[in-house]
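Q: Encoded as structure tokens, here's the structure I'll be asking about.
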Amino acid sequence: MAGKTLYDKLWDAHLIKQNDDGSSVLYIDRHVLHEVTSPQAFEGLRLAGRSPWRLDTNIATPDHNISTDREERDAGVSGIPDEISRIQVKTLDDNCDHFGIKEFKMNEMGQGIVHVMGPELGATMPGMTVVCGDSHTATHGALACLAHGIGTSEVEHVLATQCLVTKKMKNMRVTVNGEVGHGVTPKDIVLAVIGKIGTAGGNGHAIEFAGSVFRDMSIEGRMTVCNMAIEAGARVGMVAVDEKTIRYCEGRQFVPKGDLWNQAVTYWKTLVSDDDAEFDSEIEMHAEDIAPQVTWGTSPEMVAPVTAIVPDPKDQPEGDRRKGMIRALEYMGLKSGMPITSIVVDRVFIGSCTNSRIEDMREAAIVANGRQVASTVKQVLIVPGSQMVKAQAEAEGLDKIFIQAGMDWREPGCSMCLAMNADKLGAGEHCASTSNRNFEGRQGNGGRTHLMSPAMAAAAAVAGHIVDVRPWLSEGEAR
């Protein structure tokens, strides 16, 4: 009998019931809530006369709708300029107060983007099932969790029962071995993976990222990779436990102490795929083949090395792919054959649940240090992913580097990742962005998004156009 994959182990450990129709009931260890997908769920509880089944498994924080402007944040919830956003944040506060759920409110230490604050507080731990009403919950899989997004009705169901009705996925392993090149980061690795398998490549699968590249990667880098497993079509991304995982978790707020810690570590060390485990699909890549990546189109799979040119749809066979490329180039205002490095940027966004951790801030600061934003760039937003990231960055003086370079150091939140708050692109504006999605209108109606790493985005801010950051970095700089 073949061994088990990491996904199989996590699934089996949480399986309550296997139904005849192919669905299953899973127990959920950690439920993370934010202001966008929780109001209807809480209202459903009220209407049914129910209460959350286990209060201590739920944590909440506002992130999508809050302002990142310091003056507006200082004014509290009433300072949120958009009325709908203000109502959503106040509703989260009221619901958490009413039901007794632990919330890290807007200006409290611990607040942040759900997929940043959860792991850094230790609310996410290896071996857990983690859900949130947000597709990028896969981020938490970097800590060997079975983590994925759920819908609003499922949010209510988990609150009421601590269980989830779902179906088991297939297993995919993405293995990247070799020596990562100078200036190539986890964001570049995962964009290259998406470029290879496409945004539907992982459909129906849980992806385990394996190989020397991911073993050598920091936990924060692994979070970037697992975050974007969604953009490869998977619902789940994960990396097995190793000593880095255990060191990352130790001492964090929600992590067990004393003998319970020792018991947890003993269990966590089993959270690896068995040597003889069989995967339904295997993808292998070589790190030496990967350069800094930039998206040119309106899907993360429309990506190319920074040294490349914008592709020509005519090189594709007649069909949907060619039509999609034509539409993407029209929307992005680009022409086939133009160098990626000739794309001029209007704004730059460094943040999001993909790239707003302290390592991302450091990576951008290396490039920004001693340089100035190009006069043609309208705005550069640097948005830490949590209050803890903000405090650490300021303790290291990173905020001063950004401000001296002419960049805008902001308060924690989702910010310009998506057009749900005041930070938006204007129609036709090109943005060098560290976010995870470059869909039409994602960062603002008519906005044009180019995904890249924090170092690449910072370099674009200084140059005024997309640029290969590698000559800007000393050997060993950037992850």
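By order of appearance in the structure tokens: chains A, B, ..., then residues from 1 within every chain, and ligands from 1 in the order shown.
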Pick out the residues sitting within 6 Å of A:Ser386, and hand them over as a PyMOL selection string; count only C-alpha atoms, and ignore anything fewer than 2 positions along from it in its own chain.
A: chain A and resi 111-112+384+388-389+412
Q: Next, the residues of the selection above should be written as a PDB file, in the first residue's frame with all heavy atoms.
A:
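Below you can see result.pdb, which holds the result:
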```
ATOM      1  N   GLN A 111      -3.800  43.666  14.270  1.00  0.00           N
ATOM      2  CA  GLN A 111      -4.619  43.848  13.060  1.00  0.00           C
ATOM      3  C   GLN A 111      -3.746  43.728  11.817  1.00  0.00           C
ATOM      4  O   GLN A 111      -2.570  44.085  11.831  1.00  0.00           O
ATOM      5  CB  GLN A 111      -5.306  45.210  13.091  1.00  0.00           C
ATOM      6  CG  GLN A 111      -6.132  45.538  11.849  1.00  0.00           C
ATOM      7  CD  GLN A 111      -5.342  46.223  10.742  1.00  0.00           C
ATOM      8  OE1 GLN A 111      -4.385  46.951  11.009  1.00  0.00           O
ATOM      9  NE2 GLN A 111      -5.743  46.010   9.507  1.00  0.00           N
ATOM     10  N   GLY A 112      -4.360  43.249  10.766  1.00  0.00           N
ATOM     11  CA  GLY A 112      -3.629  43.161   9.509  1.00  0.00           C
ATOM     12  C   GLY A 112      -4.431  42.400   8.476  1.00  0.00           C
ATOM     13  O   GLY A 112      -5.562  41.983   8.723  1.00  0.00           O
ATOM     14  N   PRO A 384       2.414  47.915   4.518  1.00  0.00           N
ATOM     15  CA  PRO A 384       2.723  46.724   5.320  1.00  0.00           C
ATOM     16  C   PRO A 384       1.468  45.887   5.549  1.00  0.00           C
ATOM     17  O   PRO A 384       0.361  46.411   5.615  1.00  0.00           O
ATOM     18  CB  PRO A 384       3.255  47.311   6.632  1.00  0.00           C
ATOM     19  CG  PRO A 384       2.676  48.695   6.702  1.00  0.00           C
ATOM     20  CD  PRO A 384       2.563  49.156   5.278  1.00  0.00           C
ATOM     21  N   MET A 388       2.083  44.555  13.069  1.00  0.00           N
ATOM     22  CA  MET A 388       3.373  44.012  13.505  1.00  0.00           C
ATOM     23  C   MET A 388       4.450  44.224  12.449  1.00  0.00           C
ATOM     24  O   MET A 388       5.594  44.569  12.774  1.00  0.00           O
ATOM     25  CB  MET A 388       3.221  42.532  13.855  1.00  0.00           C
ATOM     26  CG  MET A 388       2.350  42.308  15.088  1.00  0.00           C
ATOM     27  SD  MET A 388       1.993  40.561  15.417  1.00  0.00           S
ATOM     28  CE  MET A 388       3.617  39.978  15.912  1.00  0.00           C
ATOM     29  N   VAL A 389       4.101  44.035  11.188  1.00  0.00           N
ATOM     30  CA  VAL A 389       5.058  44.299  10.110  1.00  0.00           C
ATOM     31  C   VAL A 389       5.425  45.785  10.094  1.00  0.00           C
ATOM     32  O   VAL A 389       6.597  46.151   9.964  1.00  0.00           O
ATOM     33  CB  VAL A 389       4.486  43.867   8.747  1.00  0.00           C
ATOM     34  CG1 VAL A 389       5.401  44.329   7.610  1.00  0.00           C
ATOM     35  CG2 VAL A 389       4.310  42.359   8.694  1.00  0.00           C
ATOM     36  N   PRO A 412      -1.546  49.491   7.654  1.00  0.00           N
ATOM     37  CA  PRO A 412      -1.801  48.127   7.174  1.00  0.00           C
ATOM     38  C   PRO A 412      -3.213  47.918   6.630  1.00  0.00           C
ATOM     39  O   PRO A 412      -4.191  48.429   7.170  1.00  0.00           O
ATOM     40  CB  PRO A 412      -1.590  47.276   8.439  1.00  0.00           C
ATOM     41  CG  PRO A 412      -0.760  48.114   9.345  1.00  0.00           C
ATOM     42  CD  PRO A 412      -1.177  49.524   9.084  1.00  0.00           C
TER      43      PRO A 412
END
```
Q: Which residues, written as a PyMOL selection string, have at least one atom at most 9 Å from stretch 290-305 of chain A, with only C-alpha atoms counted and residues fewer than 4 positions away on the same chain left out?
A: chain A and resi 180-185+187-189+191-199+231-232+285-286+309-311+324-325+327-329+331-332+334+340+432+436-440+448-453+456+466+468-470
Q: Identify, on the basis of only C-alpha atoms, every residue whose closest approach to A:Phe209 does not exceed 10 Å; exclude the query and any residue fewer than 2 positions from it along the same chain; express the result as a count of residues only.
A: 24
Q: May I ask for the distance between atom CA of A:Ile59 and atom CA of A:Lys168, given in Å to one decimal place?
A: 25.6 Å
Q: Out of A:His157, A:Ser23, A:Ala75, A:Cys414, which residue has the shortest atom-to-atom distance to A:Leu45 when counting only C-alpha atoms?
A: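 With only C-alpha atoms as the atom set, the closest residue is A:His157.
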Q: Hey, what does DSSP flag as strand (DSSP E or B) within stretch 51-276 of chain A? Can you give it to me as a PyMOL selection string?
A: chain A and resi 58-60+102-103+112+129-132+146-149+163-166+170-177+205-210+236-238
Q: Tell me which of A:Gly444, A:Pro454, A:Gly204, A:Gly221 sits closest to A:Asp280, counting only C-alpha atoms.
A: A:Gly204
Q: So which one's closest to A:His31, A:Glu156, A:Glu208, A:Glu250, A:Asp360? Using only C-alpha atoms, please.
A: A:Glu156
Q: Excluding stretch 146-148 of chain A and residues on its chain fewer than 4 positions from it, collect all residues at most 8 Å away from it, counting only C-alpha atoms, and give them as a compact mmCIF listing (two decimals) with C-alpha atoms, in the first residue's frame.
A:
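The resulting file, out_28.txt, is reproduced below:
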```txt
# COMPACT_ATOMS: atom_id res chain seq x y z
CA TYR A 7 -2.64 16.48 1.96
CA LEU A 10 -4.24 16.37 6.93
CA TRP A 11 -7.50 15.25 5.32
CA GLY A 127 -1.52 20.42 10.97
CA MET A 128 -4.53 22.70 11.17
CA THR A 129 -7.48 22.99 8.86
CA VAL A 130 -7.85 26.73 8.25
CA VAL A 131 -10.69 28.45 6.42
CA CYS A 132 -11.64 32.04 5.68
CA ASP A 134 -11.26 34.66 1.05
CA SER A 135 -9.74 32.63 -1.79
CA HIS A 136 -6.14 33.34 -0.81
CA THR A 137 -6.46 31.42 2.45
CA ALA A 138 -4.14 28.92 0.76
CA THR A 139 -1.35 31.19 2.04
CA HIS A 140 -1.50 29.46 5.41
CA GLY A 141 -0.50 26.18 3.74
CA ARG A 235 -7.69 25.57 -4.03
CA VAL A 236 -4.86 24.52 -1.71
CA GLY A 237 -1.10 25.10 -1.68
CA MET A 238 1.20 23.68 0.96
```
Q: As a JSON list (two decimals) with all heavy atoms, in the first residue's frame, please: the residues near A:Ala463 (cut-off 12 Å, only C-alpha atoms, same-chain neighbours under 5 positions excluded).
A:
```json
[["chain", "number", "residue", "atom", "x", "y", "z"],
["A", 341, "THR", "N", 10.55, 45.70, -20.83],
["A", 341, "THR", "CA", 11.18, 46.82, -20.12],
["A", 341, "THR", "C", 10.81, 48.19, -20.69],
["A", 341, "THR", "O", 11.23, 49.21, -20.14],
["A", 341, "THR", "CB", 12.71, 46.66, -20.14],
["A", 341, "THR", "OG1", 13.15, 46.45, -21.49],
["A", 341, "THR", "CG2", 13.15, 45.50, -19.27],
["A", 342, "SER", "N", 10.04, 48.22, -21.77],
["A", 342, "SER", "CA", 9.62, 49.51, -22.33],
["A", 342, "SER", "C", 8.26, 49.94, -21.79],
["A", 342, "SER", "O", 7.76, 51.02, -22.13],
["A", 342, "SER", "CB", 9.57, 49.45, -23.85],
["A", 342, "SER", "OG", 8.52, 48.60, -24.29],
["A", 343, "ILE", "N", 7.65, 49.11, -20.96],
["A", 343, "ILE", "CA", 6.32, 49.43, -20.41],
["A", 343, "ILE", "C", 6.45, 50.49, -19.32],
["A", 343, "ILE", "O", 7.09, 50.27, -18.30],
["A", 343, "ILE", "CB", 5.63, 48.17, -19.86],
["A", 343, "ILE", "CG1", 5.44, 47.13, -20.98],
["A", 343, "ILE", "CG2", 4.29, 48.53, -19.22],
["A", 343, "ILE", "CD1", 4.94, 45.78, -20.49],
["A", 344, "VAL", "N", 5.84, 51.63, -19.54],
["A", 344, "VAL", "CA", 5.88, 52.74, -18.59],
["A", 344, "VAL", "C", 4.83, 52.52, -17.50],
["A", 344, "VAL", "O", 3.73, 52.06, -17.77],
["A", 344, "VAL", "CB", 5.62, 54.08, -19.32],
["A", 344, "VAL", "CG1", 5.51, 55.24, -18.34],
["A", 344, "VAL", "CG2", 6.73, 54.33, -20.34],
["A", 345, "VAL", "N", 5.19, 52.84, -16.25],
["A", 345, "VAL", "CA", 4.24, 52.67, -15.15],
["A", 345, "VAL", "C", 3.82, 54.04, -14.61],
["A", 345, "VAL", "O", 4.61, 54.98, -14.55],
["A", 345, "VAL", "CB", 4.83, 51.81, -14.00],
["A", 345, "VAL", "CG1", 5.16, 50.42, -14.52],
["A", 345, "VAL", "CG2", 6.05, 52.45, -13.38],
["A", 346, "ASP", "N", 2.54, 54.12, -14.24],
["A", 346, "ASP", "CA", 1.99, 55.35, -13.66],
["A", 346, "ASP", "C", 1.98, 55.31, -12.14],
["A", 346, "ASP", "O", 2.16, 56.33, -11.48],
["A", 346, "ASP", "CB", 0.55, 55.55, -14.16],
["A", 346, "ASP", "CG", 0.47, 55.64, -15.67],
["A", 346, "ASP", "OD1", 0.90, 56.68, -16.20],
["A", 346, "ASP", "OD2", 0.01, 54.68, -16.31],
["A", 347, "ARG", "N", 1.73, 54.13, -11.60],
["A", 347, "ARG", "CA", 1.70, 53.96, -10.16],
["A", 347, "ARG", "C", 2.38, 52.64, -9.79],
["A", 347, "ARG", "O", 2.52, 51.74, -10.63],
["A", 347, "ARG", "CB", 0.25, 53.95, -9.63],
["A", 347, "ARG", "CG", -0.51, 55.25, -9.88],
["A", 347, "ARG", "CD", -1.90, 55.22, -9.27],
["A", 347, "ARG", "NE", -2.71, 56.31, -9.79],
["A", 347, "ARG", "CZ", -2.78, 57.52, -9.24],
["A", 347, "ARG", "NH1", -2.08, 57.79, -8.14],
["A", 347, "ARG", "NH2", -3.53, 58.47, -9.78],
["A", 348, "VAL", "N", 2.76, 52.53, -8.52],
["A", 348, "VAL", "CA", 3.41, 51.32, -8.02],
["A", 348, "VAL", "C", 2.74, 50.95, -6.70],
["A", 348, "VAL", "O", 2.49, 51.82, -5.86],
["A", 348, "VAL", "CB", 4.93, 51.53, -7.82],
["A", 348, "VAL", "CG1", 5.55, 50.30, -7.16],
["A", 348, "VAL", "CG2", 5.60, 51.83, -9.15],
["A", 367, "VAL", "N", 16.29, 48.29, -2.83],
["A", 367, "VAL", "CA", 16.28, 48.99, -4.13],
["A", 367, "VAL", "C", 16.04, 50.49, -3.93],
["A", 367, "VAL", "O", 16.66, 51.32, -4.60],
["A", 367, "VAL", "CB", 15.20, 48.39, -5.05],
["A", 367, "VAL", "CG1", 15.09, 49.18, -6.35],
["A", 367, "VAL", "CG2", 15.49, 46.93, -5.33],
["A", 368, "ALA", "N", 15.15, 50.85, -3.02],
["A", 368, "ALA", "CA", 14.78, 52.26, -2.83],
["A", 368, "ALA", "C", 15.87, 53.07, -2.14],
["A", 368, "ALA", "O", 15.93, 54.30, -2.31],
["A", 368, "ALA", "CB", 13.49, 52.35, -2.02],
["A", 371, "ARG", "N", 17.82, 56.19, -3.58],
["A", 371, "ARG", "CA", 17.29, 56.51, -4.90],
["A", 371, "ARG", "C", 16.01, 57.32, -4.76],
["A", 371, "ARG", "O", 15.44, 57.44, -3.69],
["A", 371, "ARG", "CB", 17.04, 55.23, -5.70],
["A", 371, "ARG", "CG", 18.31, 54.42, -6.00],
["A", 371, "ARG", "CD", 17.99, 53.22, -6.89],
["A", 371, "ARG", "NE", 19.20, 52.57, -7.39],
["A", 371, "ARG", "CZ", 19.67, 51.42, -6.95],
["A", 371, "ARG", "NH1", 19.03, 50.76, -5.99],
["A", 371, "ARG", "NH2", 20.77, 50.90, -7.46],
["A", 372, "GLN", "N", 15.52, 57.86, -5.90],
["A", 372, "GLN", "CA", 14.32, 58.67, -5.92],
["A", 372, "GLN", "C", 13.31, 58.14, -6.93],
["A", 372, "GLN", "O", 13.69, 57.66, -8.01],
["A", 372, "GLN", "CB", 14.65, 60.13, -6.29],
["A", 372, "GLN", "CG", 15.32, 60.92, -5.18],
["A", 372, "GLN", "CD", 14.36, 61.19, -4.02],
["A", 372, "GLN", "OE1", 13.25, 61.69, -4.22],
["A", 372, "GLN", "NE2", 14.79, 60.85, -2.81],
["A", 373, "VAL", "N", 12.04, 58.24, -6.58],
["A", 373, "VAL", "CA", 10.98, 57.86, -7.50],
["A", 373, "VAL", "C", 11.02, 58.75, -8.73],
["A", 373, "VAL", "O", 11.22, 59.97, -8.63],
["A", 373, "VAL", "CB", 9.60, 57.98, -6.80],
["A", 373, "VAL", "CG1", 8.46, 57.79, -7.80],
["A", 373, "VAL", "CG2", 9.49, 56.98, -5.66],
["A", 374, "ALA", "N", 10.83, 58.17, -9.90],
["A", 374, "ALA", "CA", 10.84, 58.94, -11.15],
["A", 374, "ALA", "C", 9.74, 59.99, -11.14],
["A", 374, "ALA", "O", 8.65, 59.76, -10.61],
["A", 374, "ALA", "CB", 10.65, 57.99, -12.34],
["A", 375, "SER", "N", 10.03, 61.12, -11.73],
["A", 375, "SER", "CA", 9.08, 62.24, -11.72],
["A", 375, "SER", "C", 7.80, 61.92, -12.47],
["A", 375, "SER", "O", 6.76, 62.54, -12.25],
["A", 375, "SER", "CB", 9.73, 63.48, -12.33],
["A", 375, "SER", "OG", 10.14, 63.22, -13.67],
["A", 376, "THR", "N", 7.87, 60.94, -13.36],
["A", 376, "THR", "CA", 6.69, 60.58, -14.15],
["A", 376, "THR", "C", 5.72, 59.64, -13.41],
["A", 376, "THR", "O", 4.61, 59.42, -13.86],
["A", 376, "THR", "CB", 7.13, 59.89, -15.45],
["A", 376, "THR", "OG1", 7.98, 58.78, -15.13],
["A", 376, "THR", "CG2", 7.88, 60.86, -16.35],
["A", 377, "VAL", "N", 6.16, 59.09, -12.29],
["A", 377, "VAL", "CA", 5.33, 58.16, -11.52],
["A", 377, "VAL", "C", 4.46, 58.96, -10.55],
["A", 377, "VAL", "O", 4.95, 59.75, -9.75],
["A", 377, "VAL", "CB", 6.21, 57.14, -10.75],
["A", 377, "VAL", "CG1", 5.34, 56.26, -9.86],
["A", 377, "VAL", "CG2", 6.99, 56.29, -11.73],
["A", 432, "ALA", "N", 2.84, 48.80, -11.52],
["A", 432, "ALA", "CA", 3.75, 47.73, -11.12],
["A", 432, "ALA", "C", 3.29, 47.27, -9.75],
["A", 432, "ALA", "O", 3.36, 48.03, -8.78],
["A", 432, "ALA", "CB", 5.19, 48.24, -11.07],
["A", 456, "MET", "N", 11.39, 44.21, -7.97],
["A", 456, "MET", "CA", 11.10, 44.66, -9.33],
["A", 456, "MET", "C", 10.17, 45.88, -9.32],
["A", 456, "MET", "O", 10.35, 46.82, -10.10],
["A", 456, "MET", "CB", 10.46, 43.52, -10.11],
["A", 456, "MET", "CG", 11.42, 42.42, -10.52],
["A", 456, "MET", "SD", 12.43, 42.88, -11.94],
["A", 456, "MET", "CE", 11.18, 42.84, -13.23],
["A", 457, "ALA", "N", 9.17, 45.86, -8.42],
["A", 457, "ALA", "CA", 8.24, 46.99, -8.34],
["A", 457, "ALA", "C", 8.95, 48.25, -7.87],
["A", 457, "ALA", "O", 8.70, 49.34, -8.39],
["A", 457, "ALA", "CB", 7.08, 46.64, -7.40],
["A", 458, "ALA", "N", 9.83, 48.12, -6.88],
["A", 458, "ALA", "CA", 10.58, 49.28, -6.40],
["A", 458, "ALA", "C", 11.48, 49.84, -7.49],
["A", 458, "ALA", "O", 11.62, 51.06, -7.64],
["A", 458, "ALA", "CB", 11.40, 48.89, -5.17],
["A", 468, "ASP", "N", 14.74, 45.36, -15.41],
["A", 468, "ASP", "CA", 15.35, 44.18, -14.82],
["A", 468, "ASP", "C", 16.14, 44.63, -13.59],
["A", 468, "ASP", "O", 17.11, 45.38, -13.70],
["A", 468, "ASP", "CB", 16.28, 43.51, -15.84],
["A", 468, "ASP", "CG", 16.82, 42.17, -15.36],
["A", 468, "ASP", "OD1", 16.78, 41.90, -14.14],
["A", 468, "ASP", "OD2", 17.30, 41.39, -16.21],
["A", 469, "VAL", "N", 15.72, 44.18, -12.42],
["A", 469, "VAL", "CA", 16.31, 44.68, -11.18],
["A", 469, "VAL", "C", 17.68, 44.07, -10.89],
["A", 469, "VAL", "O", 18.43, 44.58, -10.06],
["A", 469, "VAL", "CB", 15.35, 44.40, -9.99],
["A", 469, "VAL", "CG1", 15.35, 42.92, -9.62],
["A", 469, "VAL", "CG2", 15.70, 45.25, -8.78],
["A", 472, "TRP", "N", 20.76, 46.08, -10.39],
["A", 472, "TRP", "CA", 20.64, 47.03, -9.28],
["A", 472, "TRP", "C", 21.03, 46.41, -7.95],
["A", 472, "TRP", "O", 21.18, 47.12, -6.94],
["A", 472, "TRP", "CB", 19.19, 47.52, -9.16],
["A", 472, "TRP", "CG", 18.65, 48.25, -10.34],
["A", 472, "TRP", "CD1", 18.84, 47.97, -11.66],
["A", 472, "TRP", "CD2", 17.79, 49.39, -10.31],
["A", 472, "TRP", "NE1", 18.16, 48.85, -12.45],
["A", 472, "TRP", "CE2", 17.50, 49.73, -11.65],
["A", 472, "TRP", "CE3", 17.22, 50.14, -9.28],
["A", 472, "TRP", "CZ2", 16.68, 50.80, -11.99],
["A", 472, "TRP", "CZ3", 16.40, 51.20, -9.61],
["A", 472, "TRP", "CH2", 16.12, 51.53, -10.95]]
```
Q: Rank nothing, just name the residue among A:Ser435, A:Gln316, A:Thr161, A:Thr5 nearest to A:Asn227, using only C-alpha atoms.
A: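 Counting only C-alpha atoms, the residue closest to A:Asn227 is A:Ser435.
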Q: Would you mind writing down, as JSON, numbers by chain, each residue of stretch 163-390 of chain A that DSSP on the backbone assigns to alpha helix (DSSP H)?
A: {"A": [186, 187, 188, 189, 190, 191, 192, 193, 194, 195, 196, 197, 212, 213, 214, 215, 216, 219, 220, 221, 222, 223, 224, 225, 226, 227, 243, 244, 245, 246, 247, 248, 249, 258, 259, 260, 261, 262, 263, 264, 265, 266, 267, 268, 320, 321, 322, 323, 324, 325, 326, 327, 328, 329, 330, 331, 332, 358, 359, 360, 361, 362, 363, 364, 365, 366, 367, 368, 387, 388, 389, 390]}
